[in-house]
>>> print(open('data07.txt').read())   # compact mmCIF, C-alpha atoms
# COMPACT_ATOMS: atom_id res chain seq x y z
CA MET A 1 99.13 95.69 191.03
CA ASP A 2 98.12 98.83 192.95
CA SER A 3 101.09 98.57 195.30
CA HIS A 4 103.34 98.05 192.29
CA ARG A 5 102.08 101.28 190.75
CA SER A 6 102.64 103.26 193.91
CA THR A 7 106.24 102.05 194.13
CA LEU A 8 106.87 103.04 190.51
CA ALA A 9 105.35 106.47 191.00
CA GLY A 10 108.21 108.61 192.16
CA ARG A 11 109.06 112.23 192.01
CA CYS A 12 108.85 112.38 188.22
CA GLY A 13 105.29 111.10 187.93
CA GLY A 14 105.65 107.44 187.16
CA VAL A 15 103.02 105.20 185.64
CA TYR A 16 99.81 106.64 184.16
CA THR A 17 96.81 106.06 186.40
CA PRO A 18 93.32 106.67 184.98
CA SER A 19 91.17 109.19 186.85
CA PHE A 20 88.60 106.64 188.00
CA GLU A 21 91.33 104.40 189.42
CA LEU A 22 92.97 107.37 191.12
CA ALA A 23 89.64 108.27 192.76
CA ARG A 24 89.18 104.67 193.91
CA MET A 25 92.68 104.54 195.39
CA LEU A 26 92.07 107.88 197.13
CA ARG A 27 88.89 106.50 198.73
CA GLU A 28 90.77 103.41 199.93
CA VAL A 29 93.40 105.41 201.81
CA GLN A 30 90.93 108.07 203.03
CA ASP A 31 91.16 106.78 206.64
CA ASP A 32 94.69 108.04 207.30
CA LYS A 33 95.13 111.48 205.73
CA THR A 34 98.66 111.77 207.09
CA SER A 35 99.93 108.70 205.22
CA THR A 36 102.38 109.28 202.41
CA GLU A 37 100.20 107.30 200.00
CA TYR A 38 97.20 109.58 200.65
CA GLN A 39 99.37 112.69 200.29
CA ARG A 40 100.82 111.42 197.02
CA LEU A 41 97.38 110.63 195.60
CA ALA A 42 95.96 113.98 196.74
CA TRP A 43 98.94 115.78 195.18
CA ASP A 44 98.47 113.91 191.92
CA ALA A 45 94.76 114.76 191.89
CA LEU A 46 95.58 118.45 192.50
CA ARG A 47 98.18 118.42 189.72
CA ARG A 48 95.75 116.85 187.25
CA SER A 49 93.00 119.28 188.19
CA ILE A 50 95.18 122.37 187.85
CA ASN A 51 96.70 121.17 184.56
CA GLY A 52 93.27 120.37 183.17
CA LEU A 53 91.87 123.77 184.09
CA VAL A 54 94.84 125.72 182.74
CA ASN A 55 94.80 123.75 179.48
CA LYS A 56 91.09 124.51 178.97
CA VAL A 57 91.49 128.32 179.14
CA THR A 58 90.07 130.31 176.22
CA ALA A 59 88.80 133.87 175.96
CA THR A 60 85.18 132.70 176.18
CA ASN A 61 85.45 130.44 179.23
CA ILE A 62 88.13 132.18 181.30
CA LYS A 63 85.60 133.45 183.86
CA ASN A 64 84.37 129.91 184.58
CA ILE A 65 87.90 128.51 184.68
CA ILE A 66 88.96 131.16 187.21
CA GLN A 67 86.05 130.27 189.49
CA GLU A 68 86.94 126.56 189.30
CA LEU A 69 90.62 127.35 189.85
CA PHE A 70 89.84 129.26 193.05
CA GLY A 71 88.03 126.14 194.23
CA GLU A 72 91.35 124.29 194.13
CA ASN A 73 94.05 124.62 196.78
CA LEU A 74 96.17 127.16 194.89
CA ILE A 75 98.38 127.92 197.87
CA ARG A 76 99.48 124.30 198.11
CA GLY A 77 99.61 123.90 194.33
CA ARG A 78 101.24 127.23 193.47
CA GLY A 79 104.27 125.57 191.91
CA LEU A 80 102.03 123.25 189.91
CA PHE A 81 100.00 126.22 188.69
CA CYS A 82 103.13 128.13 187.65
CA ARG A 83 104.61 125.15 185.83
CA SER A 84 101.33 124.45 184.08
CA CYS A 85 100.94 128.07 182.93
CA ILE A 86 104.49 128.27 181.61
CA LYS A 87 104.29 124.93 179.77
CA SER A 88 100.87 125.68 178.30
CA GLN A 89 101.98 129.11 177.15
CA MET A 90 105.10 127.65 175.52
CA ALA A 91 103.02 125.01 173.76
CA SER A 92 100.49 127.49 172.34
CA LEU A 93 101.82 131.02 171.98
CA GLY A 94 98.53 132.16 170.46
CA PHE A 95 96.87 131.86 173.87
CA THR A 96 99.48 133.93 175.71
CA GLY A 97 96.95 136.71 176.28
CA GLU A 98 94.50 134.32 177.90
CA PHE A 99 97.19 132.82 180.14
CA ALA A 100 98.37 136.31 181.11
CA ALA A 101 94.80 137.31 182.01
CA LEU A 102 94.40 134.15 184.08
CA VAL A 103 97.63 134.84 185.94
CA ALA A 104 96.69 138.49 186.47
CA VAL A 105 93.42 137.52 188.16
CA VAL A 106 95.13 134.87 190.30
CA ASN A 107 97.79 137.45 191.20
CA THR A 108 95.13 139.80 192.60
CA GLU A 109 93.93 137.11 195.02
CA PHE A 110 97.25 135.39 195.73
CA PRO A 111 100.23 137.74 195.15
CA GLU A 112 102.70 135.06 196.28
CA VAL A 113 101.60 132.87 193.35
CA GLY A 114 102.16 135.75 190.93
CA ALA A 115 105.59 136.45 192.44
CA LEU A 116 106.60 132.80 192.08
CA LEU A 117 105.47 132.74 188.45
CA LEU A 118 107.37 135.93 187.70
CA LYS A 119 110.54 134.49 189.27
CA ARG A 120 110.22 131.34 187.18
CA ILE A 121 109.60 133.27 183.96
CA VAL A 122 112.62 135.49 184.61
CA LEU A 123 114.74 132.36 185.23
CA GLN A 124 113.42 130.90 181.97
CA LEU A 125 114.29 134.15 180.19
CA LYS A 126 117.83 134.11 181.61
CA ARG A 127 118.34 130.48 180.61
CA ALA A 128 117.00 131.11 177.11
CA TYR A 129 119.31 134.10 176.69
CA LYS A 130 122.29 132.12 177.98
CA TRP A 131 121.62 129.21 175.60
CA ASN A 132 120.66 131.51 172.72
CA ASP A 133 117.21 129.92 172.50
CA LYS A 134 115.27 132.58 170.62
CA PRO A 135 111.78 130.95 170.60
CA ARG A 136 111.83 130.36 174.36
CA LEU A 137 113.22 133.85 174.98
CA LEU A 138 110.49 135.48 172.89
CA ALA A 139 107.81 133.41 174.62
CA ALA A 140 109.02 134.50 178.06
CA VAL A 141 109.22 138.16 177.01
CA LYS A 142 105.74 138.01 175.49
CA PHE A 143 104.28 136.44 178.65
CA ILE A 144 105.82 139.13 180.87
CA ALA A 145 104.78 141.92 178.50
CA LEU A 146 101.14 140.83 178.33
CA TRP A 147 100.88 140.19 182.03
>>> encode(input="data07.txt", output="structure tokens")
Amino acid sequence: MDSHRSTLAGRCGGVYTPSFELARMLREVQDDKTSTEYQRLAWDALRRSINGLVNKVTATNIKNIIQELFGENLIRGRGLFCRSCIKSQMASLGFTGEFAALVAVVNTEFPEVGALLLKRIVLQLKRAYKWNDKPRLLAAVKFIALW
């Protein structure tokens, strides 16, 4: 069954794998860190970790979240971080200030991550303007303005 799951898991995510099973599979392929299976599992673990941390951000716990986030490989997962911030901000516009603060702190340590996020938000703004999508346009403008 494990090999079946790995063949279904493609670029778009694939089948849901519980965290404990993911950790077990990661331990099994720990011997060869250059194998594609290990890289895929490590990437999935990084994605889950970054998404989980970004989704937990509030005004009261942002300091702790930032410390945990810097413990992750943000250079490797910069695209994951940007995507997670944009999606989380779109899902809950009330927390835009918290997401902007998180991004501002990450930008001070890793300017290339901040530049990538800004490029993606500007692209989102252009697309929203082109398709006349007012809620998405306002969300992108608000994120840039608070950042």
>>> closest_atom_pairs(input="data07.txt", of="segment 15-61 of chain A", to="segment 65-80 of chain A", cutoff="12 Å", atoms="all atoms listed in the file", output="JSON lines")
{"residue": "A:Gln39", "atom": "CA", "partner": "A:Arg76", "partner_atom": "CA", "distance": 11.8}
{"residue": "A:Ala42", "atom": "CA", "partner": "A:Asn73", "partner_atom": "CA", "distance": 10.8}
{"residue": "A:Trp43", "atom": "CA", "partner": "A:Gly77", "partner_atom": "CA", "distance": 8.2}
{"residue": "A:Asp44", "atom": "CA", "partner": "A:Leu80", "partner_atom": "CA", "distance": 10.2}
{"residue": "A:Ala45", "atom": "CA", "partner": "A:Glu72", "partner_atom": "CA", "distance": 10.4}
{"residue": "A:Leu46", "atom": "CA", "partner": "A:Gly77", "partner_atom": "CA", "distance": 7.0}
{"residue": "A:Arg47", "atom": "CA", "partner": "A:Leu80", "partner_atom": "CA", "distance": 6.2}
{"residue": "A:Arg48", "atom": "CA", "partner": "A:Leu80", "partner_atom": "CA", "distance": 9.4}
{"residue": "A:Ser49", "atom": "CA", "partner": "A:Glu72", "partner_atom": "CA", "distance": 7.9}
{"residue": "A:Ile50", "atom": "CA", "partner": "A:Leu69", "partner_atom": "CA", "distance": 7.0}
{"residue": "A:Asn51", "atom": "CA", "partner": "A:Leu80", "partner_atom": "CA", "distance": 7.8}
{"residue": "A:Gly52", "atom": "CA", "partner": "A:Ile65", "partner_atom": "CA", "distance": 9.9}
{"residue": "A:Leu53", "atom": "CA", "partner": "A:Ile65", "partner_atom": "CA", "distance": 6.2}
{"residue": "A:Val54", "atom": "CA", "partner": "A:Ile65", "partner_atom": "CA", "distance": 7.7}
{"residue": "A:Asn55", "atom": "CA", "partner": "A:Ile65", "partner_atom": "CA", "distance": 9.9}
{"residue": "A:Lys56", "atom": "CA", "partner": "A:Ile65", "partner_atom": "CA", "distance": 7.7}
{"residue": "A:Val57", "atom": "CA", "partner": "A:Ile65", "partner_atom": "CA", "distance": 6.6}
{"residue": "A:Thr58", "atom": "CA", "partner": "A:Ile65", "partner_atom": "CA", "distance": 8.9}
{"residue": "A:Ala59", "atom": "CA", "partner": "A:Ile65", "partner_atom": "CA", "distance": 10.3}
{"residue": "A:Thr60", "atom": "CA", "partner": "A:Ile65", "partner_atom": "CA", "distance": 9.9}
{"residue": "A:Asn61", "atom": "CA", "partner": "A:Ile65", "partner_atom": "CA", "distance": 6.3}
>>> residues_near_point(input="data07.txt", point="(102.0, 131.5, 191.4)", cutoff="7 Å", atoms="only C-alpha atoms", output="JSON, numbers by chain")
{"A": [78, 79, 81, 82, 112, 113, 114, 115, 116, 117]}
>>> residues_around(input="data07.txt", residues="Ile144 of chain A", least_positions_apart="4", cutoff="8 Å", atoms="only C-alpha atoms", output="list in words")
Ala100, Leu118, Ile121 and Ala140 of chain A
>>> residues_around(input="data07.txt", residues="Arg136 of chain A", least_positions_apart="4", cutoff="10 Å", atoms="all atoms listed in the file", output="list of chain:residue names")
A:Met90, A:Gln124, A:Leu125, A:Arg127, A:Ala128, A:Tyr129, A:Trp131, A:Asn132, A:Ala140, A:Val141, A:Lys142
>>> atom_distance(input="data07.txt", atom1="atom CA of Lys87 of chain A", atom2="atom CA of Ala139 of chain A")
10.5 Å
>>> residues_around(input="data07.txt", residues="Leu93 of chain A", least_positions_apart="4", cutoff="10 Å", atoms="all atoms listed in the file", output="VMD selection string")
chain A and resid 88 to 89 97 to 99 138 to 139 142 to 143
